[in-house]
file model_34.tsv (TSV, C-alpha atoms)
chain	number	residue	atom	x	y	z
A	387	MET	CA	-4.34	-5.01	-8.83
A	388	SER	CA	-6.97	-7.42	-10.19
A	389	THR	CA	-8.02	-7.44	-13.85
A	390	ARG	CA	-11.67	-6.55	-14.45
A	391	ILE	CA	-13.75	-8.91	-16.61
A	392	LEU	CA	-17.29	-7.95	-17.58
A	393	TYR	CA	-19.58	-10.96	-18.05
A	394	VAL	CA	-22.71	-10.56	-20.19
A	395	HIS	CA	-25.74	-12.78	-19.61
A	396	GLY	CA	-29.38	-12.13	-20.48
A	397	ILE	CA	-31.49	-14.71	-18.62
A	398	GLU	CA	-32.99	-14.40	-15.11
A	399	ALA	CA	-33.70	-18.07	-14.43
A	400	ILE	CA	-31.03	-20.60	-13.47
A	401	GLY	CA	-30.22	-23.52	-15.75
A	402	GLY	CA	-26.99	-25.20	-16.79
A	403	ALA	CA	-25.38	-22.09	-18.34
A	404	GLU	CA	-26.12	-20.03	-15.26
A	405	ARG	CA	-24.97	-22.71	-12.79
A	406	ASP	CA	-21.76	-23.05	-14.78
A	407	LEU	CA	-21.01	-19.32	-14.67
A	408	ILE	CA	-21.84	-19.10	-10.94
A	409	ALA	CA	-19.46	-22.02	-10.25
A	410	LEU	CA	-16.72	-20.30	-12.27
A	411	LEU	CA	-17.16	-16.99	-10.42
A	412	LYS	CA	-17.17	-18.73	-7.01
A	413	THR	CA	-13.87	-20.45	-7.82
A	414	ILE	CA	-11.91	-17.94	-9.93
A	415	ASP	CA	-8.95	-16.24	-8.20
A	416	ARG	CA	-10.37	-12.91	-7.04
A	417	HIS	CA	-6.87	-11.57	-6.35
A	418	THR	CA	-6.16	-11.88	-10.09
A	419	TRP	CA	-9.61	-11.23	-11.58
A	420	GLU	CA	-12.42	-8.84	-10.70
A	421	PRO	CA	-15.69	-10.19	-12.16
A	422	GLN	CA	-18.68	-7.93	-12.80
A	423	VAL	CA	-21.86	-9.11	-14.54
A	424	VAL	CA	-24.38	-7.43	-16.84
A	425	CYS	CA	-27.68	-9.31	-16.44
A	426	PRO	CA	-31.42	-8.71	-15.89
A	427	GLY	CA	-32.14	-6.64	-12.80
A	428	THR	CA	-34.34	-9.25	-11.09
A	429	GLY	CA	-34.47	-13.00	-10.64
A	430	PRO	CA	-32.60	-15.90	-9.03
A	431	PHE	CA	-29.48	-15.60	-11.20
A	432	ARG	CA	-28.80	-12.05	-10.01
A	433	GLU	CA	-29.59	-13.04	-6.40
A	434	GLN	CA	-27.04	-15.87	-6.51
A	435	LEU	CA	-24.39	-13.55	-7.93
A	436	HIS	CA	-24.95	-11.14	-5.06
A	437	ALA	CA	-24.73	-14.07	-2.61
A	438	ILE	CA	-21.16	-14.72	-3.81
A	439	ALA	CA	-20.27	-10.99	-3.73
A	440	VAL	CA	-20.23	-10.37	-7.49
A	441	SER	CA	-21.38	-6.90	-8.60
A	442	THR	CA	-24.17	-6.80	-11.19
A	443	HIS	CA	-25.44	-4.14	-13.61
A	444	ALA	CA	-29.10	-4.36	-14.63
A	445	LEU	CA	-29.80	-4.60	-18.37
A	446	SER	CA	-32.42	-6.45	-20.43
A	447	LEU	CA	-31.02	-7.89	-23.65
A	448	PRO	CA	-33.82	-8.64	-26.15
A	449	PRO	CA	-33.43	-11.49	-28.68
A	450	TRP	CA	-31.14	-10.62	-31.57
A	451	ARG	CA	-33.13	-12.12	-34.42
A	452	LYS	CA	-36.72	-11.05	-33.62
A	453	PRO	CA	-37.68	-8.20	-36.01
A	454	LEU	CA	-40.10	-6.58	-33.55
A	455	ALA	CA	-37.36	-6.18	-30.94
A	456	VAL	CA	-35.30	-3.76	-33.06
A	457	PHE	CA	-35.92	-0.64	-30.93
A	458	GLN	CA	-35.32	-2.43	-27.61
A	459	ARG	CA	-32.23	-4.01	-29.15
A	460	ASN	CA	-30.74	-0.69	-30.21
A	461	SER	CA	-31.47	0.77	-26.79
A	462	ALA	CA	-29.82	-2.23	-25.09
A	463	ILE	CA	-26.70	-1.87	-27.27
A	464	ARG	CA	-26.42	1.83	-26.34
A	465	HIS	CA	-26.80	1.01	-22.64
A	466	LEU	CA	-24.26	-1.80	-22.87
A	467	GLY	CA	-21.81	0.53	-24.64
A	468	ALA	CA	-22.27	3.11	-21.87
A	469	LEU	CA	-21.64	0.44	-19.21
A	470	ILE	CA	-18.47	-0.68	-21.00
A	471	ASN	CA	-17.27	2.95	-21.08
A	472	GLN	CA	-18.09	3.40	-17.40
A	473	LEU	CA	-16.57	0.13	-16.14
A	474	ALA	CA	-13.59	-0.03	-18.54
A	475	PRO	CA	-13.12	-3.82	-18.35
A	476	ALA	CA	-9.92	-5.39	-19.69
A	477	MET	CA	-12.05	-8.08	-21.35
A	478	ILE	CA	-15.69	-9.09	-21.91
A	479	HIS	CA	-16.90	-12.69	-21.55
A	480	VAL	CA	-20.32	-13.31	-23.15
A	481	ASN	CA	-21.89	-16.33	-21.44
A	482	ASP	CA	-23.91	-17.63	-24.43
A	483	ILE	CA	-24.31	-16.98	-28.15
A	484	TRP	CA	-27.57	-15.03	-27.87
A	485	TRP	CA	-25.83	-11.83	-26.64
A	486	VAL	CA	-22.69	-11.90	-28.78
A	487	PRO	CA	-24.08	-9.57	-31.53
A	488	HIS	CA	-25.23	-7.01	-28.93
A	489	THR	CA	-21.76	-7.04	-27.37
A	490	VAL	CA	-19.89	-6.88	-30.69
A	491	SER	CA	-22.02	-3.84	-31.68
A	492	ALA	CA	-21.56	-2.16	-28.29
A	493	VAL	CA	-17.76	-2.61	-28.44
A	494	ALA	CA	-17.61	-1.48	-32.09
A	495	SER	CA	-19.29	1.79	-31.09
A	496	ARG	CA	-16.20	2.59	-28.98
A	497	ALA	CA	-13.73	2.45	-31.88
A	498	SER	CA	-11.10	4.43	-29.98
A	499	ASN	CA	-10.69	1.77	-27.31
A	500	PRO	CA	-11.69	-1.76	-28.38
A	501	VAL	CA	-12.08	-4.46	-25.72
A	502	PRO	CA	-11.36	-8.13	-26.48
A	503	ILE	CA	-14.43	-10.39	-26.39
A	504	VAL	CA	-14.55	-14.05	-25.35
A	505	ALA	CA	-17.80	-15.77	-26.44
A	506	HIS	CA	-19.07	-18.95	-24.79
A	507	VAL	CA	-21.07	-21.29	-27.07
A	508	ARG	CA	-23.22	-23.54	-24.95
A	509	GLN	CA	-25.69	-24.66	-27.65
A	510	GLU	CA	-25.51	-27.03	-30.54
A	511	ILE	CA	-25.19	-24.69	-33.53
A	512	GLU	CA	-25.46	-25.38	-37.24
A	513	SER	CA	-22.39	-24.13	-39.09
A	514	VAL	CA	-24.56	-21.95	-41.39
A	515	LYS	CA	-25.74	-19.97	-38.32
A	516	VAL	CA	-22.30	-19.14	-36.95
A	517	ARG	CA	-22.00	-15.79	-38.77
A	518	ARG	CA	-25.54	-14.76	-37.75
A	519	TYR	CA	-24.25	-14.51	-34.20
A	520	GLU	CA	-21.03	-12.76	-35.29
A	521	LEU	CA	-18.88	-15.45	-33.69
A	522	ASP	CA	-16.25	-14.85	-36.37
A	523	ARG	CA	-15.76	-11.29	-35.02
A	524	VAL	CA	-14.57	-12.06	-31.47
A	525	GLU	CA	-11.09	-12.74	-30.15
A	526	ALA	CA	-11.81	-16.20	-28.69
A	527	VAL	CA	-14.70	-18.66	-28.75
A	528	ILE	CA	-15.20	-21.27	-26.05
A	529	ALA	CA	-17.00	-24.42	-27.23
A	530	ILE	CA	-18.36	-26.67	-24.49
A	531	SER	CA	-17.87	-29.80	-26.63
A	532	ARG	CA	-15.74	-30.98	-29.56
A	533	GLN	CA	-18.91	-31.35	-31.60
A	534	ILE	CA	-19.64	-27.61	-31.17
A	535	GLU	CA	-16.00	-26.73	-31.90
A	536	GLN	CA	-16.21	-28.54	-35.26
A	537	SER	CA	-19.44	-26.69	-36.18
A	538	LEU	CA	-17.85	-23.33	-35.32
A	539	ILE	CA	-14.80	-23.98	-37.51
A	540	ALA	CA	-17.02	-25.22	-40.36
A	541	GLY	CA	-19.02	-21.99	-39.96
A	542	GLY	CA	-16.02	-19.72	-40.47
A	543	VAL	CA	-14.45	-19.21	-37.05
A	544	SER	CA	-10.66	-19.51	-37.29
A	545	ALA	CA	-9.47	-22.76	-35.67
A	546	LYS	CA	-6.84	-20.82	-33.70
A	547	ASN	CA	-9.62	-18.77	-32.06
A	548	VAL	CA	-11.70	-21.76	-30.85
A	549	ARG	CA	-11.04	-23.76	-27.70
A	550	THR	CA	-13.08	-26.64	-26.26
A	551	LEU	CA	-13.37	-26.23	-22.49
A	552	TYR	CA	-15.60	-28.74	-20.73
A	553	SER	CA	-17.72	-27.36	-17.92
A	554	GLY	CA	-16.64	-28.52	-14.47
A	555	ILE	CA	-18.43	-29.23	-11.22
A	556	ASP	CA	-17.47	-29.05	-7.56
A	557	LEU	CA	-16.38	-32.58	-6.66
A	558	SER	CA	-15.77	-31.94	-2.97
A	559	GLU	CA	-17.31	-34.41	-0.52
A	560	ARG	CA	-19.38	-31.57	0.92
A	561	GLN	CA	-21.15	-31.30	-2.44
A	562	LEU	CA	-21.56	-35.01	-3.05
A	563	THR	CA	-22.63	-36.53	0.28
A	564	HIS	CA	-26.41	-36.39	0.46
A	565	GLU	CA	-29.16	-38.71	1.62
A	566	GLY	CA	-32.01	-39.12	-0.88
A	567	GLN	CA	-34.73	-40.53	1.39
A	568	PRO	CA	-36.05	-37.11	2.61
A	569	ILE	CA	-36.63	-36.07	-1.02
A	570	ARG	CA	-38.55	-39.27	-1.75
A	571	GLU	CA	-40.72	-38.62	1.31
A	572	MET	CA	-41.22	-34.97	0.31
A	573	ILE	CA	-42.59	-35.82	-3.13
A	574	GLY	CA	-44.57	-38.84	-1.93
A	575	ILE	CA	-42.65	-41.72	-3.53
A	576	PRO	CA	-43.76	-45.05	-1.96
A	577	ASN	CA	-41.19	-47.15	-0.10
A	578	GLY	CA	-39.46	-49.53	-2.48
A	579	ALA	CA	-40.37	-47.49	-5.56
A	580	VAL	CA	-37.84	-46.98	-8.36
A	581	LEU	CA	-37.14	-43.30	-9.10
A	582	LEU	CA	-35.94	-41.90	-12.43
A	583	GLY	CA	-35.18	-38.22	-12.86
A	584	THR	CA	-34.07	-35.40	-15.14
A	585	VAL	CA	-32.52	-32.06	-14.15
A	586	ALA	CA	-33.10	-29.44	-16.87
A	587	ASN	CA	-35.21	-26.34	-17.28
A	588	LEU	CA	-38.55	-27.04	-18.91
A	589	PHE	CA	-38.11	-26.43	-22.66
A	590	PRO	CA	-39.18	-28.59	-25.63
A	591	ARG	CA	-35.54	-29.20	-26.63
A	592	LYS	CA	-34.93	-31.04	-23.35
A	593	GLY	CA	-37.04	-33.94	-24.65
A	594	TYR	CA	-39.48	-34.23	-21.75
A	595	GLU	CA	-42.36	-35.31	-24.03
A	596	VAL	CA	-40.20	-38.17	-25.33
A	597	MET	CA	-39.56	-39.36	-21.78
A	598	LEU	CA	-43.25	-39.16	-20.89
A	599	ARG	CA	-44.10	-41.20	-23.99
A	600	ALA	CA	-41.51	-43.77	-22.92
A	601	LEU	CA	-42.87	-43.97	-19.38
A	602	PRO	CA	-45.93	-46.25	-19.94
A	603	ALA	CA	-43.64	-48.99	-21.32
A	604	ILE	CA	-41.20	-48.44	-18.44
A	605	VAL	CA	-44.01	-48.71	-15.85
A	606	HIS	CA	-45.39	-51.82	-17.59
A	607	ALA	CA	-41.99	-53.54	-17.20
A	608	VAL	CA	-41.13	-52.02	-13.79
A	609	PRO	CA	-44.48	-51.34	-12.05
A	610	THR	CA	-42.91	-49.33	-9.18
A	611	ALA	CA	-41.25	-46.74	-11.48
A	612	HIS	CA	-41.75	-43.01	-10.87
A	613	TYR	CA	-40.24	-40.02	-12.71
A	614	MET	CA	-39.09	-36.68	-11.21
A	615	ILE	CA	-38.49	-33.48	-13.21
A	616	VAL	CA	-36.24	-30.84	-11.61
A	617	GLY	CA	-36.06	-27.43	-13.32
A	618	SER	CA	-37.67	-24.02	-13.64
A	619	ASP	CA	-40.64	-23.39	-15.90
A	620	ASP	CA	-40.99	-19.81	-17.16
A	621	GLN	CA	-43.23	-20.46	-20.16
A	622	GLY	CA	-46.02	-22.57	-18.64
A	623	TYR	CA	-44.53	-25.61	-20.37
A	624	ALA	CA	-45.18	-27.78	-17.29
A	625	ASP	CA	-48.94	-27.48	-17.90
A	626	GLY	CA	-48.55	-29.18	-21.28
A	627	LEU	CA	-46.46	-31.94	-19.72
A	628	LYS	CA	-49.14	-32.51	-17.07
A	629	ARG	CA	-51.82	-32.77	-19.78
A	630	LEU	CA	-49.70	-35.28	-21.70
A	631	ALA	CA	-49.15	-37.33	-18.52
A	632	GLN	CA	-52.94	-37.38	-17.99
A	633	GLU	CA	-53.52	-38.55	-21.57
A	634	LEU	CA	-50.93	-41.30	-21.15
A	635	GLN	CA	-52.47	-42.29	-17.78
A	636	ILE	CA	-49.17	-41.83	-15.93
A	637	ALA	CA	-49.95	-38.59	-14.08
A	638	ASP	CA	-49.54	-40.33	-10.71
A	639	ARG	CA	-45.98	-41.34	-11.71
A	640	VAL	CA	-44.73	-37.88	-12.76
A	641	HIS	CA	-43.45	-35.41	-10.16
A	642	ILE	CA	-42.53	-31.87	-11.30
A	643	VAL	CA	-40.64	-30.22	-8.43
A	644	GLY	CA	-39.45	-26.95	-10.01
A	645	PHE	CA	-36.05	-25.27	-9.66
A	646	GLN	CA	-33.97	-26.63	-6.77
A	647	ASP	CA	-30.71	-25.45	-5.28
A	648	PRO	CA	-28.74	-27.37	-4.29
A	649	VAL	CA	-29.67	-30.09	-6.75
A	650	GLN	CA	-27.51	-32.86	-5.21
A	651	PRO	CA	-30.13	-34.15	-2.70
A	652	PHE	CA	-32.55	-34.66	-5.62
A	653	LEU	CA	-29.92	-36.55	-7.60
A	654	ALA	CA	-29.13	-38.63	-4.51
A	655	ALA	CA	-32.77	-39.79	-4.42
A	656	LEU	CA	-32.58	-41.34	-7.92
A	657	ASP	CA	-32.05	-44.96	-8.94
A	658	LEU	CA	-31.22	-43.89	-12.51
A	659	TYR	CA	-30.60	-40.54	-14.20
A	660	VAL	CA	-32.29	-39.97	-17.59
A	661	HIS	CA	-31.42	-37.10	-19.97
A	662	PRO	CA	-33.77	-37.31	-23.01
A	663	ALA	CA	-32.57	-34.08	-24.69
A	664	LEU	CA	-33.29	-33.40	-28.36
A	665	MET	CA	-30.48	-30.79	-28.36
A	666	GLU	CA	-27.72	-30.40	-25.77
A	667	GLY	CA	-24.43	-28.57	-26.03
A	668	PHE	CA	-22.79	-30.42	-23.15
A	669	GLY	CA	-25.06	-31.61	-20.33
A	670	ILE	CA	-23.68	-30.35	-17.00
A	671	ALA	CA	-26.56	-32.06	-15.16
A	672	VAL	CA	-25.39	-35.40	-16.57
A	673	VAL	CA	-21.91	-34.80	-15.11
A	674	GLU	CA	-23.52	-33.90	-11.76
A	675	ALA	CA	-25.50	-37.15	-11.80
A	676	MET	CA	-22.38	-39.16	-12.66
A	677	ALA	CA	-20.49	-37.46	-9.84
A	678	MET	CA	-23.25	-38.64	-7.48
A	679	GLY	CA	-22.59	-42.22	-8.63
A	680	LYS	CA	-25.66	-42.56	-10.86
A	681	ALA	CA	-25.80	-44.56	-14.07
A	682	VAL	CA	-27.15	-42.47	-16.96
A	683	VAL	CA	-29.41	-43.00	-19.95
A	684	ALA	CA	-28.97	-40.07	-22.36
A	685	THR	CA	-29.24	-39.28	-26.06
A	686	THR	CA	-26.57	-39.12	-28.75
A	687	THR	CA	-27.14	-35.42	-29.41
A	688	GLY	CA	-24.51	-32.65	-29.14
A	689	GLY	CA	-21.82	-33.11	-26.53
A	690	LEU	CA	-23.55	-35.91	-24.59
A	691	PRO	CA	-21.48	-38.72	-26.19
A	692	GLU	CA	-18.37	-36.89	-24.91
A	693	VAL	CA	-19.78	-36.97	-21.37
A	694	VAL	CA	-21.31	-40.47	-21.21
A	695	ALA	CA	-19.06	-43.44	-22.05
A	696	GLN	CA	-21.43	-45.77	-23.90
A	697	GLY	CA	-21.77	-49.10	-22.09
A	698	GLU	CA	-19.41	-48.00	-19.30
A	699	THR	CA	-21.08	-45.11	-17.46
A	700	GLY	CA	-24.47	-45.37	-19.12
A	701	LEU	CA	-26.42	-45.98	-22.31
A	702	LEU	CA	-26.97	-43.62	-25.26
A	703	VAL	CA	-30.06	-43.72	-27.48
A	704	PRO	CA	-31.14	-41.65	-30.52
A	705	PRO	CA	-32.86	-38.35	-29.61
A	706	GLY	CA	-36.64	-38.39	-30.04
A	707	ASP	CA	-36.90	-42.21	-29.92
A	708	ALA	CA	-39.25	-43.04	-27.03
A	709	GLU	CA	-39.12	-46.78	-27.70
A	710	SER	CA	-35.30	-46.97	-27.55
A	711	LEU	CA	-35.32	-44.76	-24.45
A	712	ALA	CA	-37.76	-47.11	-22.69
A	713	VAL	CA	-35.74	-50.21	-23.64
A	714	ALA	CA	-32.49	-48.69	-22.32
A	715	VAL	CA	-34.08	-47.51	-19.06
A	716	VAL	CA	-35.76	-50.87	-18.41
A	717	SER	CA	-32.55	-52.79	-19.17
A	718	LEU	CA	-30.72	-50.89	-16.42
A	719	LEU	CA	-33.59	-50.94	-13.94
A	720	GLU	CA	-33.71	-54.75	-14.31
A	721	ASP	CA	-29.93	-55.18	-13.82
A	722	ARG	CA	-28.98	-53.57	-10.53
A	723	ASP	CA	-25.39	-54.85	-10.57
A	724	ARG	CA	-24.71	-53.34	-14.01
A	725	ARG	CA	-26.42	-50.09	-13.03
A	726	GLU	CA	-24.34	-49.75	-9.87
A	727	GLN	CA	-21.10	-50.57	-11.71
A	728	MET	CA	-21.93	-47.86	-14.28
A	729	GLY	CA	-22.53	-45.48	-11.38
A	730	ARG	CA	-19.08	-46.20	-9.98
A	731	ASN	CA	-17.50	-45.81	-13.42
A	732	GLY	CA	-19.37	-42.52	-13.93
A	733	LYS	CA	-18.16	-41.12	-10.62
A	734	ALA	CA	-14.56	-41.92	-11.57
A	735	ARG	CA	-15.03	-40.38	-15.03
A	736	ALA	CA	-16.52	-37.17	-13.55
A	737	GLN	CA	-13.58	-36.82	-11.15
A	738	GLU	CA	-11.04	-37.49	-13.88
A	739	ARG	CA	-12.44	-35.29	-16.65
A	740	PHE	CA	-14.89	-32.74	-15.29
A	741	SER	CA	-13.54	-31.20	-12.08
A	742	LEU	CA	-14.34	-27.54	-11.49
A	743	ASP	CA	-10.76	-26.75	-10.44
A	744	ALA	CA	-9.39	-28.00	-13.78
A	745	SER	CA	-12.10	-26.17	-15.74
A	746	VAL	CA	-11.40	-22.85	-13.98
A	747	ARG	CA	-7.63	-23.28	-14.40
A	748	HIS	CA	-8.09	-23.73	-18.17
A	749	MET	CA	-10.40	-20.69	-18.30
A	750	GLU	CA	-7.90	-18.47	-16.48
A	751	GLN	CA	-5.18	-19.63	-18.88
A	752	LEU	CA	-7.38	-18.68	-21.84
A	753	TYR	CA	-8.00	-15.23	-20.33
A	754	LYS	CA	-4.25	-14.67	-19.98
A	755	GLU	CA	-3.68	-15.71	-23.59
A	756	VAL	CA	-6.40	-13.34	-24.90
A	757	LEU	CA	-5.08	-10.42	-22.83
A	758	GLY	CA	-1.50	-11.23	-23.82
A	759	ALA	CA	-2.43	-11.18	-27.51

call {"tool": "encode", "arguments": {"input": "model_34.tsv", "output": "structure tokens"}}
result
Amino acid sequence: MSTRILYVHGIEAIGGAERDLIALLKTIDRHTWEPQVVCPGTGPFREQLHAIAVSTHALSLPPWRKPLAVFQRNSAIRHLGALINQLAPAMIHVNDIWWVPHTVSAVASRASNPVPIVAHVRQEIESVKVRRYELDRVEAVIAISRQIEQSLIAGGVSAKNVRTLYSGIDLSERQLTHEGQPIREMIGIPNGAVLLGTVANLFPRKGYEVMLRALPAIVHAVPTAHYMIVGSDDQGYADGLKRLAQELQIADRVHIVGFQDPVQPFLAALDLYVHPALMEGFGIAVVEAMAMGKAVVATTTGGLPEVVAQGETGLLVPPGDAESLAVAVVSLLEDRDRREQMGRNGKARAQERFSLDASVRHMEQLYKEVLGA
């Protein structure tokens, strides 16, 4: 009989955290584990879970630290507690820090029958904030980079309860063989143009403004350069980016194409992958670009230096530094041989370090250890 795990996730849209969980649930041994997911009752995340035959339970989880959400928060905790009673999971896996306090409170309300909690930390987190999210009160914490692991321990989580598990991607040929030309035609890129791109949902912390501010210098040096943004926009943030592109007189070079699944054909269309994040726990999209054989320019924030080998698979620049970003991008656009060698190195690094099979195997081992304890 399979062991039931209840996953808790509070966002409808699909970004890196959601893609990572979907990949895990597609690959995990369903003879051993029975996954069920608490998540919002609408949206693409829930639809994709249903497409891979994972049961979902509708629940909205309001932000933990917003004072005005106190009544909705209390109601959500009661509903989550009732779901835990009804489903009786052997373990709960919270897919990001934002919903750990709700889950800890819901489990604490069932004092007679506690359930072990595994919490996934996918964000850079200052050590002083660790206790705010009650990460010191769960049985195991998964950090998606060593940098996050160190912050968690400095913030009071016992070192024996923290494990760094890198996210993995499907490295099968089926996933990685794509032709990029149809995408270029779809978004109207001229023949012979150079295409840069970023895959990340549209939030300020992803550094899109920095990239747009770098783009005039890039276009000055490489007049055929265009830039594609792939990701969902729930907050109207794209409108601000379009206004900034107009101000910088590069609007004709910026192509915002929204959420795309699968993302591989869009990566295949690129000459160079750029990840200008101001904050980034890991950077699964960077691994996906490397797996497609793309050289990368990224920032030194969070877990990105653990993903990108500086000078070997790409170049790293300080976050928020548009000038350094432009210089790094231009240096690779002007040196095709170096760029292609970095792409080959990146593909090998992705296969060696970031395979989905290895990631899922490590996760299943952690589950067994938590349940055994």

call {"tool": "atom_distance", "arguments": {"input": "model_34.tsv", "atom1": "CA of Leu653 (chain A)", "atom2": "CA of Val440 (chain A)"}}
result
27.9 Å

call {"tool": "residues_around", "arguments": {"input": "model_34.tsv", "residues": "Leu538 (chain A)", "least_positions_apart": "4", "cutoff": "10 Å", "atoms": "only C-alpha atoms", "output": "MDAnalysis selection string"}}
result
chainID A and resid 507 510:517 521:522 527:529 532:534 542:545 547:548

call {"tool": "residues_around", "arguments": {"input": "model_34.tsv", "residues": "Val394 (chain A)", "least_positions_apart": "5", "cutoff": "7 Å", "atoms": "all atoms listed in the file", "output": "count of residues only"}}
result
6

call {"tool": "residues_around", "arguments": {"input": "model_34.tsv", "residues": "Val504 (chain A)", "least_positions_apart": "6", "cutoff": "12 Å", "atoms": "only C-alpha atoms", "output": "number ranges by chain"}}
result
A: 391-394, 476-483, 485-486, 489-490, 520-529, 547-549, 749-750, 752-757

call {"tool": "atom_distance", "arguments": {"input": "model_34.tsv", "atom1": "CA of Val713 (chain A)", "atom2": "CA of Val616 (chain A)"}}
result
22.8 Å

call {"tool": "residues_around", "arguments": {"input": "model_34.tsv", "residues": "Ser710 (chain A)", "least_positions_apart": "2", "cutoff": "12 Å", "atoms": "all atoms listed in the file", "output": "list in words"}}
result
Val596, Met597, Arg599, Ala600, Leu601, Ala603, Ile604, Pro662, Val683, Ala684, Thr685, Thr686, Leu701, Leu702, Val703, Pro704, Pro705, Gly706, Asp707, Ala708, Ala712, Val713, Ala714, Val715, Val716 and Ser717 of chain A

call {"tool": "closest_residue", "arguments": {"input": "model_34.tsv", "among": "A:Arg570, A:His436, A:Arg405, A:His465", "to": "Ala586 (chain A)", "atoms": "all atoms listed in the file"}}
result
A:Arg405

call {"tool": "residues_around", "arguments": {"input": "model_34.tsv", "residues": "region 426-428 of chain A", "least_positions_apart": "5", "cutoff": "9 Å", "atoms": "all atoms listed in the file", "output": "NGL selection string"}}
result
:A and (395-398 or 433 or 442-447)

call {"tool": "closest_residue", "arguments": {"input": "model_34.tsv", "among": "A:Gly402, A:Ala540, A:Gln632, A:Gln650", "to": "Ser558 (chain A)", "atoms": "only C-alpha atoms"}}
result
A:Gln650

call {"tool": "closest_residue", "arguments": {"input": "model_34.tsv", "among": "A:Leu582, A:Ile503, A:Met678, A:Val693", "to": "Glu666 (chain A)", "atoms": "only C-alpha atoms"}}
result
A:Val693

call {"tool": "closest_residue", "arguments": {"input": "model_34.tsv", "among": "A:Ile414, A:Leu690, A:Ala759, A:Val682", "to": "Glu726 (chain A)", "atoms": "only C-alpha atoms"}}
result
A:Val682

call {"tool": "closest_residue", "arguments": {"input": "model_34.tsv", "among": "A:Gly679, A:Pro609, A:Gly700, A:Gly593", "to": "Val580 (chain A)", "atoms": "all atoms listed in the file"}}
result
A:Pro609

call {"tool": "closest_residue", "arguments": {"input": "model_34.tsv", "among": "A:Leu581, A:Leu719, A:Asp556, A:Pro590", "to": "Ala677 (chain A)", "atoms": "all atoms listed in the file"}}
result
A:Asp556

call {"tool": "atom_distance", "arguments": {"input": "model_34.tsv", "atom1": "CA of Val605 (chain A)", "atom2": "CA of Ala624 (chain A)"}}
result
21.0 Å

call {"tool": "axis_aligned_box", "arguments": {"input": "model_34.tsv", "around": "region 716-735 of chain A", "padding_each_side": "6 Å", "output": "JSON"}}
result
{"center_x": -25.2, "center_y": -47.8, "center_z": -14.5, "size_x": 33.2, "size_y": 26.8, "size_z": 21.3}
